[in-house]
$ cat entry28.cif   # mmCIF, C-alpha atoms
data_work
loop_
_atom_site.label_atom_id
_atom_site.label_comp_id
_atom_site.auth_asym_id
_atom_site.auth_seq_id
_atom_site.Cartn_x
_atom_site.Cartn_y
_atom_site.Cartn_z
CA MET V 638 44.31 6.65 28.92
CA ILE V 639 42.36 9.92 28.75
CA MET V 640 38.58 9.58 28.62
CA ASP V 641 36.61 11.93 26.44
CA ASP V 642 33.44 13.75 27.56
CA PHE V 643 31.23 11.04 26.09
CA GLU V 644 32.89 8.27 28.08
CA LEU V 645 32.74 10.31 31.27
CA SER V 646 29.01 11.02 30.83
CA HIS V 647 28.14 7.46 29.73
CA PRO V 648 30.51 5.18 31.69
CA ARG V 649 28.33 2.04 31.48
CA MET V 650 27.65 2.18 27.76
CA THR V 651 28.87 -0.78 25.72
CA ALA V 652 30.91 -0.36 22.55
CA LYS V 653 27.84 -1.25 20.47
CA GLU V 654 25.71 1.34 22.27
CA LYS V 655 28.46 3.92 21.84
CA ARG V 656 28.59 3.29 18.06
CA ALA V 657 24.81 3.61 17.83
CA TYR V 658 24.92 6.84 19.83
CA GLU V 659 27.67 8.27 17.60
CA ARG V 660 25.73 7.26 14.46
CA ARG V 661 22.61 9.07 15.76
CA GLU V 662 24.67 12.16 16.53
CA ARG V 663 26.18 12.16 13.03
CA GLN V 664 22.69 11.82 11.53
CA LYS V 665 21.46 14.78 13.61
CA LEU V 666 24.44 16.86 12.51
CA LEU V 667 23.82 15.99 8.86
CA ALA V 668 20.11 16.83 9.19
CA ARG V 669 20.95 20.25 10.68
CA LYS V 670 23.39 20.89 7.83
CA LYS V 671 20.75 20.01 5.21
CA GLU V 672 18.19 22.24 6.93
CA LYS V 673 20.61 25.17 6.81
CA GLU V 674 21.20 24.59 3.09
CA ILE V 675 17.48 24.50 2.39
CA ASP V 676 16.87 27.56 4.55
CA PHE V 677 19.48 29.44 2.51
CA LEU V 678 17.83 28.31 -0.74
CA ILE V 679 14.36 29.53 0.21
CA ARG V 680 15.20 32.57 2.37
CA GLY V 681 16.66 34.49 -0.52
CA SER V 682 19.91 36.29 -1.09
CA LEU V 683 20.66 39.89 -2.03
CA LEU V 684 24.14 38.99 -3.19
CA PHE V 685 23.39 37.32 -6.48
CA ARG V 686 20.71 36.22 -8.89
CA LEU V 687 21.48 32.97 -10.68
CA PRO V 688 20.27 32.57 -14.24
CA ILE V 689 17.58 30.03 -15.01
CA ASP V 690 18.79 27.66 -17.70
CA GLU V 691 16.73 26.18 -20.52
CA LYS V 692 16.80 22.74 -18.92
CA MET V 693 14.99 24.05 -15.81
CA ILE V 694 12.45 25.95 -17.92
CA ASN V 695 11.64 22.84 -19.99
CA LEU V 696 11.05 20.71 -16.88
CA TYR V 697 8.88 23.42 -15.31
CA GLU V 698 6.81 23.93 -18.47
CA GLY V 699 6.44 20.19 -19.04
CA LEU V 700 5.13 19.60 -15.53
CA LYS V 701 2.88 22.65 -15.63
CA ASN V 702 1.46 21.95 -19.10
CA GLU V 703 0.66 18.35 -18.19
CA ASP V 704 -1.00 19.48 -14.95
CA PHE V 705 1.46 17.84 -12.53
CA ILE V 706 2.10 21.08 -10.65
CA GLY V 707 -0.26 23.96 -9.88
CA ASN V 708 -0.68 26.80 -12.36
CA GLU V 709 0.12 29.28 -9.57
CA THR V 710 3.70 27.94 -9.35
CA LYS V 711 6.29 30.57 -10.23
CA LEU V 712 9.29 29.51 -12.29
CA GLU V 713 11.70 31.06 -9.75
CA HIS V 714 10.16 29.02 -6.91
CA PHE V 715 10.17 25.82 -8.94
CA CYS V 716 13.88 26.26 -9.66
CA VAL V 717 14.59 26.15 -5.91
CA VAL V 718 13.63 22.48 -6.11
CA LEU V 719 16.49 22.09 -8.59
CA GLY V 720 19.01 23.86 -6.35
CA ARG V 721 18.78 27.46 -7.57
CA TYR V 722 18.80 30.10 -4.84
CA LEU V 723 15.94 32.56 -4.62
CA HIS V 724 16.78 36.23 -4.94
CA GLN V 725 15.38 38.20 -2.02
CA SER V 726 12.97 40.01 -4.36
CA GLU V 727 11.36 36.61 -5.12
CA THR V 728 10.64 35.75 -1.49
CA PRO V 729 8.78 34.41 0.38
CA PHE V 730 9.09 30.92 -1.03
CA VAL V 731 5.73 29.28 -1.75
CA LYS V 732 5.62 25.49 -1.72
CA ILE V 733 4.76 23.84 -5.01
CA ARG V 734 1.38 22.13 -5.25
CA TRP V 735 1.59 18.59 -6.67
CA LYS V 736 -1.75 17.91 -8.40
CA GLU V 737 -1.38 14.27 -9.37
CA ASN V 738 -1.30 11.09 -7.28
CA MET V 739 1.41 10.44 -4.75
CA GLN V 740 2.99 7.51 -6.63
CA LEU V 741 3.77 9.85 -9.51
CA PHE V 742 5.19 12.29 -6.97
CA ARG V 743 7.35 9.55 -5.49
CA TYR V 744 8.72 8.74 -8.94
CA PHE V 745 9.41 12.43 -9.58
CA GLY V 746 11.09 12.89 -6.19
CA HIS V 747 13.31 9.83 -6.58
CA SER V 748 14.25 10.94 -10.08
CA LEU V 749 15.53 14.26 -8.73
CA TYR V 750 16.90 13.40 -5.30
CA GLY V 751 17.49 9.65 -5.21
CA LYS V 752 17.58 8.24 -1.69
CA ASP V 753 17.22 11.72 -0.13
CA ALA V 754 13.86 12.35 -1.83
CA ALA V 755 11.73 11.88 1.28
CA TYR V 756 13.84 14.40 3.18
CA TYR V 757 14.09 17.17 0.59
CA THR V 758 10.59 17.08 -0.86
CA GLN V 759 8.98 17.91 2.50
CA PHE V 760 10.42 21.41 2.26
CA PHE V 761 9.30 22.13 -1.30
CA PHE V 762 5.94 20.48 -2.00
CA VAL V 763 2.35 20.28 -0.78
CA ASN V 764 -0.46 18.02 -2.01
CA LYS V 765 -3.23 19.12 -4.36
CA TYR V 766 -5.17 20.51 -1.39
CA GLY V 767 -2.26 22.70 -0.28
CA LYS V 768 -1.44 20.54 2.76
CA ASP V 769 1.90 19.05 3.80
CA PHE V 770 2.05 15.29 3.40
CA SER V 771 4.24 12.36 4.32
CA TYR V 772 6.33 10.78 1.62
CA PRO V 773 4.39 7.89 0.06
CA SER V 774 5.55 4.30 0.27
CA SER V 775 6.20 2.48 -2.98
CA ASP V 776 3.27 1.03 -4.93
CA LEU V 777 4.59 -0.08 -8.34
CA LEU V 778 1.26 -1.54 -9.43
CA ARG V 779 -0.49 1.80 -9.00
CA LEU V 780 2.42 3.70 -10.57
CA ASN V 781 2.58 1.52 -13.67
CA SER V 782 -1.21 1.51 -14.13
CA ASP V 783 -1.43 5.31 -14.07
CA ASN V 784 -1.95 6.69 -17.58
CA LYS V 785 0.18 9.77 -16.80
CA PHE V 786 3.23 7.77 -15.73
CA GLU V 787 4.71 7.58 -19.22
CA THR V 788 4.20 11.31 -19.68
CA LEU V 789 5.99 12.09 -16.41
CA LYS V 790 8.75 9.63 -17.23
CA GLU V 791 9.30 11.34 -20.59
CA ILE V 792 9.42 14.83 -19.01
CA VAL V 793 11.89 13.73 -16.33
CA ASN V 794 14.10 11.87 -18.81
CA LYS V 795 14.24 14.93 -21.09
CA TYR V 796 15.40 16.95 -18.09
CA LYS V 797 17.99 14.42 -16.98
CA ASN V 798 19.38 13.91 -20.49
CA ALA V 799 19.38 17.56 -21.54
CA VAL V 800 22.67 19.40 -21.80
CA CYS V 801 22.93 22.87 -20.28
CA LYS V 802 23.91 25.60 -22.72
#

$ encode --input "entry28.cif" --output "structure tokens"
Amino acid sequence: MIMDDFELSHPRMTAKEKRAYERRERQKLLARKKEKEIDFLIRGSLLFRLPIDEKMINLYEGLKNEDFIGNETKLEHFCVVLGRYLHQSETPFVKIRWKENMQLFRYFGHSLYGKDAAYYTQFFFVNKYGKDFSYPSSDLLRLNSDNKFETLKEIVNKYKNAVCK
């Protein structure tokens, strides 16, 4: 039997510890891959300029008109949140200021990213004071009692149900 480098460097590790170690290493590798993707999105590219579709514009305008995101937010920067690459002429990327409460932000983030919301949103958003923040824990009572929740829900559902032309 030939031992790999891991087994040689960790000879007393149990099978359970080895699985946990391998799982952590896979998670680190995945995190580095995601960071590279995000870096490419926000760094800008000279090679191409992707068009902004009507669906993205409607979501941007809905959030801006209802005062969910800051008025200083550029459409091109907002579209990075939706996976559109910045052209180098649109750099540097400026994080989007979320002006409403964090439960509404959590709903918005989960609507776009699902279970990866906490990871991705840290790269794209700041709070209403322009500061980075940690992803909020769930508070359904506060979310459902907020009078802007239905408005946000309607904007997000229009985006998710819209067909690109």

$ atom_distance --input "entry28.cif" --atom1 "CA of His714 (chain V)" --atom2 "CA of Lys732 (chain V)"
7.7 Å

$ resolve_selection --input "entry28.cif" --expression "the PyMOL selection byres ((chain V and resi 737) around 12)" --output "list of chain:residue names"
V:Leu700, V:Lys701, V:Glu703, V:Asp704, V:Phe705, V:Ile706, V:Gly707, V:Arg734, V:Trp735, V:Lys736, V:Asn738, V:Met739, V:Gln740, V:Leu741, V:Phe742, V:Arg743, V:Tyr744, V:Phe745, V:Val763, V:Asn764, V:Lys765, V:Tyr766, V:Leu780, V:Asp783, V:Asn784, V:Lys785, V:Phe786, V:Leu789

$ atom_distance --input "entry28.cif" --atom1 "CA of Glu791 (chain V)" --atom2 "CA of Gln759 (chain V)"
24.0 Å

$ closest_residue --input "entry28.cif" --among "V:Lys797, V:Lys711, V:Lys768, V:His747" --to "Thr728 (chain V)" --atoms "only C-alpha atoms"
V:Lys711

$ atom_distance --input "entry28.cif" --atom1 "CA of Ile694 (chain V)" --atom2 "CA of Asp769 (chain V)"
25.1 Å

$ residues_around --input "entry28.cif" --residues "Ile689 (chain V)" --least-positions-apart "5" --cutoff "8 Å" --atoms "all atoms listed in the file" --output "list in words"
Ile694, Glu713, Cys716 and Arg721 of chain V

$ closest_residue --input "entry28.cif" --among "V:Phe762, V:Tyr756, V:Phe770, V:Tyr796" --to "Arg669 (chain V)" --atoms "all atoms listed in the file"
V:Tyr756

$ residues_around --input "entry28.cif" --residues "Ala799 (chain V)" --least-positions-apart "2" --cutoff "10 Å" --atoms "all atoms listed in the file" --output "list in words"
Glu691, Lys692, Met693, Asn695, Val793, Asn794, Lys795, Tyr796, Lys797, Cys801 and Lys802 of chain V

$ closest_residue --input "entry28.cif" --among "V:Phe715, V:Tyr772, V:Phe761, V:Tyr697" --to "Ile792 (chain V)" --atoms "all atoms listed in the file"
V:Tyr697

$ closest_residue --input "entry28.cif" --among "V:Leu719, V:Gly751, V:Leu712, V:Arg779" --to "Val731 (chain V)" --atoms "only C-alpha atoms"
V:Leu712

$ closest_residue --input "entry28.cif" --among "V:Thr710, V:Val718, V:Ser726, V:Lys790" --to "Tyr750 (chain V)" --atoms "all atoms listed in the file"
V:Val718

$ decode --input "entry28.cif" --residues "region 695-720 of chain V" --atoms "C-alpha atoms" --output "PDB file, in the first residue's frame"
ATOM      1  CA  ASN V 695     -36.539  46.856 -13.839  1.00  0.00           C
ATOM      2  CA  LEU V 696     -35.098  45.353 -10.642  1.00  0.00           C
ATOM      3  CA  TYR V 697     -32.601  48.213 -10.299  1.00  0.00           C
ATOM      4  CA  GLU V 698     -35.236  50.906 -10.872  1.00  0.00           C
ATOM      5  CA  GLY V 699     -37.725  49.218  -8.544  1.00  0.00           C
ATOM      6  CA  LEU V 700     -35.216  49.053  -5.697  1.00  0.00           C
ATOM      7  CA  LYS V 701     -33.962  52.577  -6.317  1.00  0.00           C
ATOM      8  CA  ASN V 702     -37.420  54.149  -6.671  1.00  0.00           C
ATOM      9  CA  GLU V 703     -38.635  52.512  -3.463  1.00  0.00           C
ATOM     10  CA  ASP V 704     -35.492  53.667  -1.635  1.00  0.00           C
ATOM     11  CA  PHE V 705     -34.033  50.212  -0.921  1.00  0.00           C
ATOM     12  CA  ILE V 706     -30.665  51.087  -2.472  1.00  0.00           C
ATOM     13  CA  GLY V 707     -28.781  54.379  -2.509  1.00  0.00           C
ATOM     14  CA  ASN V 708     -29.434  56.932  -5.247  1.00  0.00           C
ATOM     15  CA  GLU V 709     -25.694  57.017  -5.980  1.00  0.00           C
ATOM     16  CA  THR V 710     -25.796  53.394  -7.191  1.00  0.00           C
ATOM     17  CA  LYS V 711     -24.863  53.060 -10.854  1.00  0.00           C
ATOM     18  CA  LEU V 712     -26.814  50.594 -12.979  1.00  0.00           C
ATOM     19  CA  GLU V 713     -23.585  48.956 -14.212  1.00  0.00           C
ATOM     20  CA  HIS V 714     -22.431  48.322 -10.630  1.00  0.00           C
ATOM     21  CA  PHE V 715     -25.817  47.000  -9.566  1.00  0.00           C
ATOM     22  CA  CYS V 716     -25.770  44.503 -12.437  1.00  0.00           C
ATOM     23  CA  VAL V 717     -22.588  42.961 -11.015  1.00  0.00           C
ATOM     24  CA  VAL V 718     -24.793  41.687  -8.188  1.00  0.00           C
ATOM     25  CA  LEU V 719     -26.759  39.824 -10.857  1.00  0.00           C
ATOM     26  CA  GLY V 720     -23.652  38.290 -12.441  1.00  0.00           C
TER      27      GLY V 720
END
